[in-house]
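Structure file run.pdb (PDB, C-alpha atoms, pLDDT in the B column) is printed below.
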```
ATOM      1  CA  MET A   1       0.000   0.000   0.000  1.00 58.00           C
ATOM      2  CA  PRO A   2       1.530   3.362  -1.015  1.00 87.00           C
ATOM      3  CA  VAL A   3       0.365   5.056   2.219  1.00 94.00           C
ATOM      4  CA  ALA A   4       1.436   2.757   5.032  1.00 96.00           C
ATOM      5  CA  ASN A   5      -0.700   2.148   8.115  1.00 95.00           C
ATOM      6  CA  ASP A   6       1.889   3.827  10.363  1.00 97.00           C
ATOM      7  CA  VAL A   7       1.523   7.253   8.654  1.00 98.00           C
ATOM      8  CA  ARG A   8      -0.060   9.880  10.913  1.00 98.00           C
ATOM      9  CA  LEU A   9      -2.290  12.284   8.983  1.00 98.00           C
ATOM     10  CA  GLY A  10      -3.670  15.509  10.443  1.00 98.00           C
ATOM     11  CA  LYS A  11      -7.121  16.839   9.665  1.00 98.00           C
ATOM     12  CA  ASP A  12      -7.827  17.657   6.005  1.00 98.00           C
ATOM     13  CA  VAL A  13      -4.519  16.327   4.643  1.00 98.00           C
ATOM     14  CA  ALA A  14      -4.837  15.919   0.869  1.00 98.00           C
ATOM     15  CA  ILE A  15      -2.886  13.187  -0.891  1.00 97.00           C
ATOM     16  CA  LEU A  16      -3.916  13.891  -4.455  1.00 91.00           C
ATOM     17  CA  PHE A  17      -3.073  10.450  -5.889  1.00 95.00           C
ATOM     18  CA  PRO A  18      -2.578   8.076  -2.936  1.00 95.00           C
ATOM     19  CA  GLU A  19      -1.798   5.183  -5.270  1.00 96.00           C
ATOM     20  CA  LEU A  20       1.160   7.171  -6.687  1.00 97.00           C
ATOM     21  CA  VAL A  21       3.025   8.062  -3.484  1.00 97.00           C
ATOM     22  CA  ASN A  22       5.248   6.192  -1.045  1.00 97.00           C
ATOM     23  CA  LEU A  23       4.658   7.342   2.531  1.00 98.00           C
ATOM     24  CA  TYR A  24       5.702   5.335   5.574  1.00 97.00           C
ATOM     25  CA  GLY A  25       6.362   6.097   9.233  1.00 98.00           C
ATOM     26  CA  CYS A  26       5.922   9.857   8.742  1.00 98.00           C
ATOM     27  CA  GLU A  27       3.636  12.538  10.128  1.00 98.00           C
ATOM     28  CA  LEU A  28       1.749  15.187   8.102  1.00 98.00           C
ATOM     29  CA  GLY A  29       0.124  18.167   9.789  1.00 98.00           C
ATOM     30  CA  ALA A  30      -3.392  19.460   9.225  1.00 98.00           C
ATOM     31  CA  GLY A  31      -4.200  20.877   5.825  1.00 98.00           C
ATOM     32  CA  SER A  32      -0.989  19.736   4.132  1.00 98.00           C
ATOM     33  CA  ARG A  33      -1.024  18.555   0.502  1.00 98.00           C
ATOM     34  CA  VAL A  34       1.094  15.910  -1.209  1.00 98.00           C
ATOM     35  CA  GLY A  35       1.398  15.563  -4.987  1.00 97.00           C
ATOM     36  CA  PRO A  36       1.999  12.375  -6.994  1.00 97.00           C
ATOM     37  CA  PHE A  37       5.308  10.493  -7.155  1.00 97.00           C
ATOM     38  CA  VAL A  38       6.426  11.757  -3.736  1.00 98.00           C
ATOM     39  CA  GLU A  39       8.305   9.637  -1.198  1.00 98.00           C
ATOM     40  CA  ILE A  40       8.235  10.603   2.473  1.00 98.00           C
ATOM     41  CA  GLN A  41      10.276   8.292   4.691  1.00 98.00           C
ATOM     42  CA  LYS A  42      10.069   7.113   8.278  1.00 98.00           C
ATOM     43  CA  GLY A  43      10.474   9.803  10.921  1.00 98.00           C
ATOM     44  CA  VAL A  44       9.828  12.790   8.633  1.00 98.00           C
ATOM     45  CA  ARG A  45       7.658  15.433  10.297  1.00 98.00           C
ATOM     46  CA  ILE A  46       5.664  17.825   8.137  1.00 98.00           C
ATOM     47  CA  GLY A  47       3.866  20.748   9.733  1.00 98.00           C
ATOM     48  CA  SER A  48       0.436  22.126   8.972  1.00 98.00           C
ATOM     49  CA  ARG A  49      -0.551  23.695   5.643  1.00 98.00           C
ATOM     50  CA  CYS A  50       2.570  22.514   3.797  1.00 98.00           C
ATOM     51  CA  LYS A  51       2.591  21.726   0.088  1.00 98.00           C
ATOM     52  CA  ILE A  52       4.839  18.966  -1.263  1.00 98.00           C
ATOM     53  CA  SER A  53       4.866  19.052  -5.073  1.00 98.00           C
ATOM     54  CA  SER A  54       5.262  16.033  -7.349  1.00 98.00           C
ATOM     55  CA  HIS A  55       8.429  13.948  -7.690  1.00 98.00           C
ATOM     56  CA  SER A  56       9.957  15.159  -4.404  1.00 98.00           C
ATOM     57  CA  PHE A  57      11.904  12.994  -1.941  1.00 98.00           C
ATOM     58  CA  LEU A  58      11.893  13.686   1.802  1.00 98.00           C
ATOM     59  CA  CYS A  59      14.206  11.279   3.622  1.00 98.00           C
ATOM     60  CA  THR A  60      14.478  10.318   7.258  1.00 97.00           C
ATOM     61  CA  GLY A  61      15.776  13.246   9.307  1.00 98.00           C
ATOM     62  CA  VAL A  62      13.813  15.999   7.534  1.00 98.00           C
ATOM     63  CA  THR A  63      11.446  18.289   9.432  1.00 98.00           C
ATOM     64  CA  LEU A  64       9.242  20.907   7.790  1.00 98.00           C
ATOM     65  CA  GLU A  65       7.652  23.500  10.025  1.00 98.00           C
ATOM     66  CA  ASP A  66       4.224  24.971   9.161  1.00 98.00           C
ATOM     67  CA  ASP A  67       3.408  26.631   5.804  1.00 98.00           C
ATOM     68  CA  VAL A  68       6.437  25.287   3.911  1.00 98.00           C
ATOM     69  CA  PHE A  69       6.330  24.978   0.111  1.00 98.00           C
ATOM     70  CA  ILE A  70       8.362  22.232  -1.584  1.00 98.00           C
ATOM     71  CA  GLY A  71       8.525  22.559  -5.389  1.00 98.00           C
ATOM     72  CA  HIS A  72       8.570  19.755  -7.939  1.00 98.00           C
ATOM     73  CA  GLY A  73      11.481  17.323  -7.821  1.00 98.00           C
ATOM     74  CA  VAL A  74      13.110  18.610  -4.632  1.00 98.00           C
ATOM     75  CA  MET A  75      15.585  16.125  -3.137  1.00 98.00           C
ATOM     76  CA  PHE A  76      16.809  15.980   0.455  1.00 98.00           C
ATOM     77  CA  VAL A  77      19.974  14.153   1.565  1.00 97.00           C
ATOM     78  CA  ASN A  78      20.506  12.718   5.067  1.00 95.00           C
ATOM     79  CA  ASP A  79      24.056  11.282   5.038  1.00 92.00           C
ATOM     80  CA  ARG A  80      27.094  13.476   4.383  1.00 90.00           C
ATOM     81  CA  HIS A  81      29.336  10.535   3.385  1.00 86.00           C
ATOM     82  CA  PRO A  82      27.064   7.926   1.777  1.00 85.00           C
ATOM     83  CA  ARG A  83      28.390   4.438   1.190  1.00 82.00           C
ATOM     84  CA  ALA A  84      26.796   1.203   0.046  1.00 80.00           C
ATOM     85  CA  GLY A  85      27.191  -0.520   3.418  1.00 73.00           C
ATOM     86  CA  ALA A  86      24.227   0.060   5.729  1.00 68.00           C
ATOM     87  CA  SER A  87      26.527   0.116   8.790  1.00 74.00           C
ATOM     88  CA  ASP A  88      28.280   3.203   7.370  1.00 76.00           C
ATOM     89  CA  PHE A  89      25.100   5.334   7.511  1.00 82.00           C
ATOM     90  CA  GLU A  90      25.269   8.456   9.705  1.00 89.00           C
ATOM     91  CA  LEU A  91      21.964  10.302   9.876  1.00 93.00           C
ATOM     92  CA  GLU A  92      22.151  14.102   9.791  1.00 96.00           C
ATOM     93  CA  THR A  93      18.963  16.084  10.217  1.00 97.00           C
ATOM     94  CA  THR A  94      17.599  19.008   8.213  1.00 98.00           C
ATOM     95  CA  ARG A  95      15.036  21.588   9.386  1.00 98.00           C
ATOM     96  CA  ILE A  96      13.016  23.862   7.121  1.00 98.00           C
ATOM     97  CA  GLY A  97      11.550  26.880   8.947  1.00 98.00           C
ATOM     98  CA  ARG A  98       8.018  28.164   8.902  1.00 98.00           C
ATOM     99  CA  GLY A  99       6.891  29.719   5.640  1.00 98.00           C
ATOM    100  CA  ALA A 100      10.049  28.814   3.704  1.00 98.00           C
ATOM    101  CA  SER A 101       9.817  27.981  -0.006  1.00 98.00           C
ATOM    102  CA  ILE A 102      12.084  25.566  -1.862  1.00 98.00           C
ATOM    103  CA  GLY A 103      12.077  25.898  -5.672  1.00 98.00           C
ATOM    104  CA  SER A 104      11.711  23.014  -8.103  1.00 98.00           C
ATOM    105  CA  GLY A 105      14.726  20.787  -8.637  1.00 98.00           C
ATOM    106  CA  ALA A 106      16.605  22.030  -5.570  1.00 98.00           C
ATOM    107  CA  VAL A 107      18.879  19.647  -3.662  1.00 98.00           C
ATOM    108  CA  ILE A 108      19.102  20.177   0.097  1.00 98.00           C
ATOM    109  CA  LEU A 109      22.166  18.600   1.713  1.00 97.00           C
ATOM    110  CA  CYS A 110      21.985  17.274   5.263  1.00 96.00           C
ATOM    111  CA  GLY A 111      22.831  18.844   8.566  1.00 96.00           C
ATOM    112  CA  ILE A 112      21.509  22.300   7.730  1.00 97.00           C
ATOM    113  CA  ALA A 113      18.642  24.615   8.626  1.00 98.00           C
ATOM    114  CA  ILE A 114      16.696  26.817   6.273  1.00 98.00           C
ATOM    115  CA  GLY A 115      15.170  29.678   8.230  1.00 98.00           C
ATOM    116  CA  ALA A 116      11.620  30.957   8.442  1.00 98.00           C
ATOM    117  CA  GLY A 117      10.425  32.692   5.305  1.00 98.00           C
ATOM    118  CA  ALA A 118      13.571  31.851   3.330  1.00 98.00           C
ATOM    119  CA  LEU A 119      13.420  31.285  -0.422  1.00 98.00           C
ATOM    120  CA  VAL A 120      15.584  28.725  -2.230  1.00 98.00           C
ATOM    121  CA  GLY A 121      15.739  29.209  -5.999  1.00 98.00           C
ATOM    122  CA  ALA A 122      14.906  26.473  -8.475  1.00 98.00           C
ATOM    123  CA  GLY A 123      17.796  24.112  -9.155  1.00 98.00           C
ATOM    124  CA  ALA A 124      19.866  25.356  -6.210  1.00 98.00           C
ATOM    125  CA  VAL A 125      22.186  23.049  -4.295  1.00 98.00           C
ATOM    126  CA  VAL A 126      22.008  24.131  -0.658  1.00 98.00           C
ATOM    127  CA  THR A 127      25.202  23.176   1.187  1.00 98.00           C
ATOM    128  CA  ARG A 128      24.972  25.436   4.258  1.00 98.00           C
ATOM    129  CA  ASN A 129      22.431  27.116   6.513  1.00 98.00           C
ATOM    130  CA  VAL A 130      20.066  29.693   5.030  1.00 98.00           C
ATOM    131  CA  GLY A 131      18.993  32.412   7.450  1.00 98.00           C
ATOM    132  CA  PRO A 132      15.437  33.574   8.075  1.00 98.00           C
ATOM    133  CA  GLY A 133      14.142  35.684   5.200  1.00 97.00           C
ATOM    134  CA  GLU A 134      17.162  35.040   2.988  1.00 98.00           C
ATOM    135  CA  THR A 135      16.935  34.274  -0.720  1.00 98.00           C
ATOM    136  CA  VAL A 136      19.558  31.910  -2.129  1.00 98.00           C
ATOM    137  CA  ALA A 137      20.143  30.416  -5.577  1.00 98.00           C
ATOM    138  CA  GLY A 138      22.826  28.707  -7.633  1.00 98.00           C
ATOM    139  CA  VAL A 139      25.228  25.796  -7.389  1.00 97.00           C
ATOM    140  CA  PRO A 140      26.282  25.947  -4.669  1.00 97.00           C
ATOM    141  CA  ALA A 141      23.518  28.222  -3.360  1.00 98.00           C
ATOM    142  CA  ARG A 142      24.664  31.775  -2.625  1.00 98.00           C
ATOM    143  CA  LEU A 143      22.919  34.628  -0.853  1.00 98.00           C
ATOM    144  CA  LEU A 144      21.006  36.927  -3.219  1.00 96.00           C
ATOM    145  CA  ALA A 145      18.905  38.972  -0.806  1.00 94.00           C
ATOM    146  CA  ARG A 146      17.835  39.404   2.798  1.00 94.00           C
ATOM    147  CA  SER A 147      14.351  40.398   3.864  1.00 85.00           C
ATOM    148  CA  ALA A 148      14.516  43.880   5.385  1.00 65.00           C
ATOM    149  CA  SER A 149      11.595  43.470   7.765  1.00 55.00           C
ATOM    150  CA  PRO A 150      10.165  40.039   8.430  1.00 55.00           C
ATOM    151  CA  SER A 151       6.398  39.938   8.750  1.00 53.00           C
ATOM    152  CA  LYS A 152       4.373  38.208  11.437  1.00 52.00           C
ATOM    153  CA  GLU A 153       2.032  36.862   8.754  1.00 52.00           C
ATOM    154  CA  ASP A 154       4.583  34.433   7.325  1.00 50.00           C
ATOM    155  CA  GLY A 155       6.048  33.407  10.663  1.00 51.00           C
ATOM    156  CA  ARG A 156       9.239  35.466  10.559  1.00 43.00           C
TER     157      ARG A 156
END
```

Spell out the structure here as structure tokens.
Amino acid sequence: MPVANDVRLGKDVAILFPELVNLYGCELGAGSRVGPFVEIQKGVRIGSRCKISSHSFLCTGVTLEDDVFIGHGVMFVNDRHPRAGASDFELETTRIGRGASIGSGAVILCGIAIGAGALVGAGAVVTRNVGPGETVAGVPARLLARSASPSKEDGR
């Protein structure tokens, strides 16, 4: 079954094509939406009112706070030095702050935080922390702008 029995779904979660996702051992907050061809692994926590677009991969160790947007084909990484042997795995966590937006095709490396209201450009490779309200883009992602005055509306 594409949505395993151990998935915890908040009120009004929308999984647009449940037969075309792979969700197991994760938690999705109220009002969140998940597109087709998305995998969300064990231990991932997704806040309320998040949107996960198609073809995205959220691995163990990822946490999304409320109101986070994940574009199409976004990939998260959870091991800084991956190897084929399972005993070599070292989980590193990643936190995405409230109201942040991650553009399509971005790759988010492990062990970082993306702050509240931050914007990650499409196709970026994020290798270090992104501060609240910052806009980053490129490979590797570089700072383009900082929000002058964070608003209470978007959680900053």

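Here the question is which of A:Ala145, A:Ala122, A:Ala100, A:Cys26 gets nearest to Val74 in chain A using only C-alpha atoms, and that residue is A:Ala122.
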
- Message: I'd like the neighbourhood of Gly25 in chain A as a PyMOL selection string, where a residue qualifies if any of its atoms comes within 9 Å (using all atoms listed in the file), though same-chain residues fewer than 3 positions away should be ignored.
- Response: chain A and resi 4-8+40-44

Please write the residues from the selection above to a file, keeping C-alpha atoms, as a PDB file, in the frame of the given file.
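Saved result, part09.pdb, follows:
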```pdb
ATOM      1  CA  ALA A   4       1.436   2.757   5.032  1.00 96.00           C
ATOM      2  CA  ASN A   5      -0.700   2.148   8.115  1.00 95.00           C
ATOM      3  CA  ASP A   6       1.889   3.827  10.363  1.00 97.00           C
ATOM      4  CA  VAL A   7       1.523   7.253   8.654  1.00 98.00           C
ATOM      5  CA  ARG A   8      -0.060   9.880  10.913  1.00 98.00           C
ATOM      6  CA  ILE A  40       8.235  10.603   2.473  1.00 98.00           C
ATOM      7  CA  GLN A  41      10.276   8.292   4.691  1.00 98.00           C
ATOM      8  CA  LYS A  42      10.069   7.113   8.278  1.00 98.00           C
ATOM      9  CA  GLY A  43      10.474   9.803  10.921  1.00 98.00           C
ATOM     10  CA  VAL A  44       9.828  12.790   8.633  1.00 98.00           C
TER      11      VAL A  44
END
```

Chain and number of each residue from the PyMOL selection byres ((chain A and resi 123) around 9), as an mmCIF file with C-alpha atoms, keeping the file's coordinate frame:
```cif
data_model
loop_
_atom_site.group_PDB
_atom_site.id
_atom_site.type_symbol
_atom_site.label_atom_id
_atom_site.label_comp_id
_atom_site.auth_asym_id
_atom_site.auth_seq_id
_atom_site.Cartn_x
_atom_site.Cartn_y
_atom_site.Cartn_z
ATOM 1 C CA VAL A 74 13.110 18.610 -4.632
ATOM 2 C CA GLY A 103 12.077 25.898 -5.672
ATOM 3 C CA SER A 104 11.711 23.014 -8.103
ATOM 4 C CA GLY A 105 14.726 20.787 -8.637
ATOM 5 C CA ALA A 106 16.605 22.030 -5.570
ATOM 6 C CA VAL A 107 18.879 19.647 -3.662
ATOM 7 C CA VAL A 120 15.584 28.725 -2.230
ATOM 8 C CA GLY A 121 15.739 29.209 -5.999
ATOM 9 C CA ALA A 122 14.906 26.473 -8.475
ATOM 10 C CA ALA A 124 19.866 25.356 -6.210
ATOM 11 C CA VAL A 125 22.186 23.049 -4.295
ATOM 12 C CA ALA A 137 20.143 30.416 -5.577
ATOM 13 C CA GLY A 138 22.826 28.707 -7.633
ATOM 14 C CA VAL A 139 25.228 25.796 -7.389
#
```

- Distance of CA of Val13 in chain A from CA of Gly31 in chain A, expressed in Å to one decimal place: 4.7 Å

- Could you name the residues that touch Arg98 in chain A at 7 Å or less, counting only C-alpha atoms, but leaving out those on the same chain fewer than 4 positions away, as number ranges by chain? A: 65-68, 116-117, 155

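Closest approach to Arg45 in chain A from the set A:Ala113, A:Leu9, A:Leu64, A:Val126 is made by A:Leu64, with distances taken over all atoms listed in the file.
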
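The spacing separating CA of Leu109 in chain A from CA of Thr94 in chain A amounts to 8.0 Å.
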
As JSON, please report the centre and edge lengths, rounded to one decimal in Å, of the axis-aligned box that holds all listed atoms of range 120-126 of chain A with 3 Å of padding on each of the six sides.
```
{"center_x": 18.5, "center_y": 26.1, "center_z": -4.9, "size_x": 13.3, "size_y": 12.2, "size_z": 14.5}
```

- Message: I need the residue nearest Cys50 in chain A from this list: A:Pro132, A:Gly111, A:Gly10, A:Pro18. Use all atoms listed in the file for the distance.
- Response: A:Gly10

- To one decimal place, how far is CA of Arg49 in chain A from CA of Val21 in chain A in Å? 18.5 Å

- Message: Neighbouring residues of Asp79 in chain A were defined as those with any atom within 10 Å, considering all atoms listed in the file; residues of the same chain fewer than 6 positions away were excluded. Please report them as a list in words.
- Response: Cys59, Thr60, Gly61, Asp88, Phe89, Glu90, Leu91, Glu92, Thr93, Leu109, Cys110 and Gly111 of chain A

Using the selection just defined, write its residues with C-alpha atoms as a CSV table (one decimal), keeping the file's coordinate frame.
```csv
chain,number,residue,atom,x,y,z
A,59,CYS,CA,14.2,11.3,3.6
A,60,THR,CA,14.5,10.3,7.3
A,61,GLY,CA,15.8,13.2,9.3
A,88,ASP,CA,28.3,3.2,7.4
A,89,PHE,CA,25.1,5.3,7.5
A,90,GLU,CA,25.3,8.5,9.7
A,91,LEU,CA,22.0,10.3,9.9
A,92,GLU,CA,22.2,14.1,9.8
A,93,THR,CA,19.0,16.1,10.2
A,109,LEU,CA,22.2,18.6,1.7
A,110,CYS,CA,22.0,17.3,5.3
A,111,GLY,CA,22.8,18.8,8.6
```

Can you pull out every residue within 12 Å of Ser147 in chain A, counting all atoms listed in the file, but drop anything in the same chain fewer than 4 positions away, and send it as a short mmCIF file (atom, residue, chain, number, x, y, z; two decimals) with C-alpha atoms, in the coordinates of the input?
```cif
data_model
loop_
_atom_site.label_atom_id
_atom_site.label_comp_id
_atom_site.auth_asym_id
_atom_site.auth_seq_id
_atom_site.Cartn_x
_atom_site.Cartn_y
_atom_site.Cartn_z
CA GLY A 115 15.17 29.68 8.23
CA ALA A 116 11.62 30.96 8.44
CA GLY A 117 10.42 32.69 5.30
CA ALA A 118 13.57 31.85 3.33
CA LEU A 119 13.42 31.28 -0.42
CA GLY A 131 18.99 32.41 7.45
CA PRO A 132 15.44 33.57 8.07
CA GLY A 133 14.14 35.68 5.20
CA GLU A 134 17.16 35.04 2.99
CA THR A 135 16.93 34.27 -0.72
CA VAL A 136 19.56 31.91 -2.13
CA LEU A 143 22.92 34.63 -0.85
CA SER A 151 6.40 39.94 8.75
CA ASP A 154 4.58 34.43 7.32
CA ARG A 156 9.24 35.47 10.56
#
```

Could you list the residues chosen by the PyMOL selection byres ((chain A and resi 70) around 6) in this structure as a tab-separated table (two decimals) with C-alpha atoms, in the frame of the given file?
```tsv
chain	number	residue	atom	x	y	z
A	52	ILE	CA	4.84	18.97	-1.26
A	53	SER	CA	4.87	19.05	-5.07
A	69	PHE	CA	6.33	24.98	0.11
A	71	GLY	CA	8.52	22.56	-5.39
A	102	ILE	CA	12.08	25.57	-1.86
```
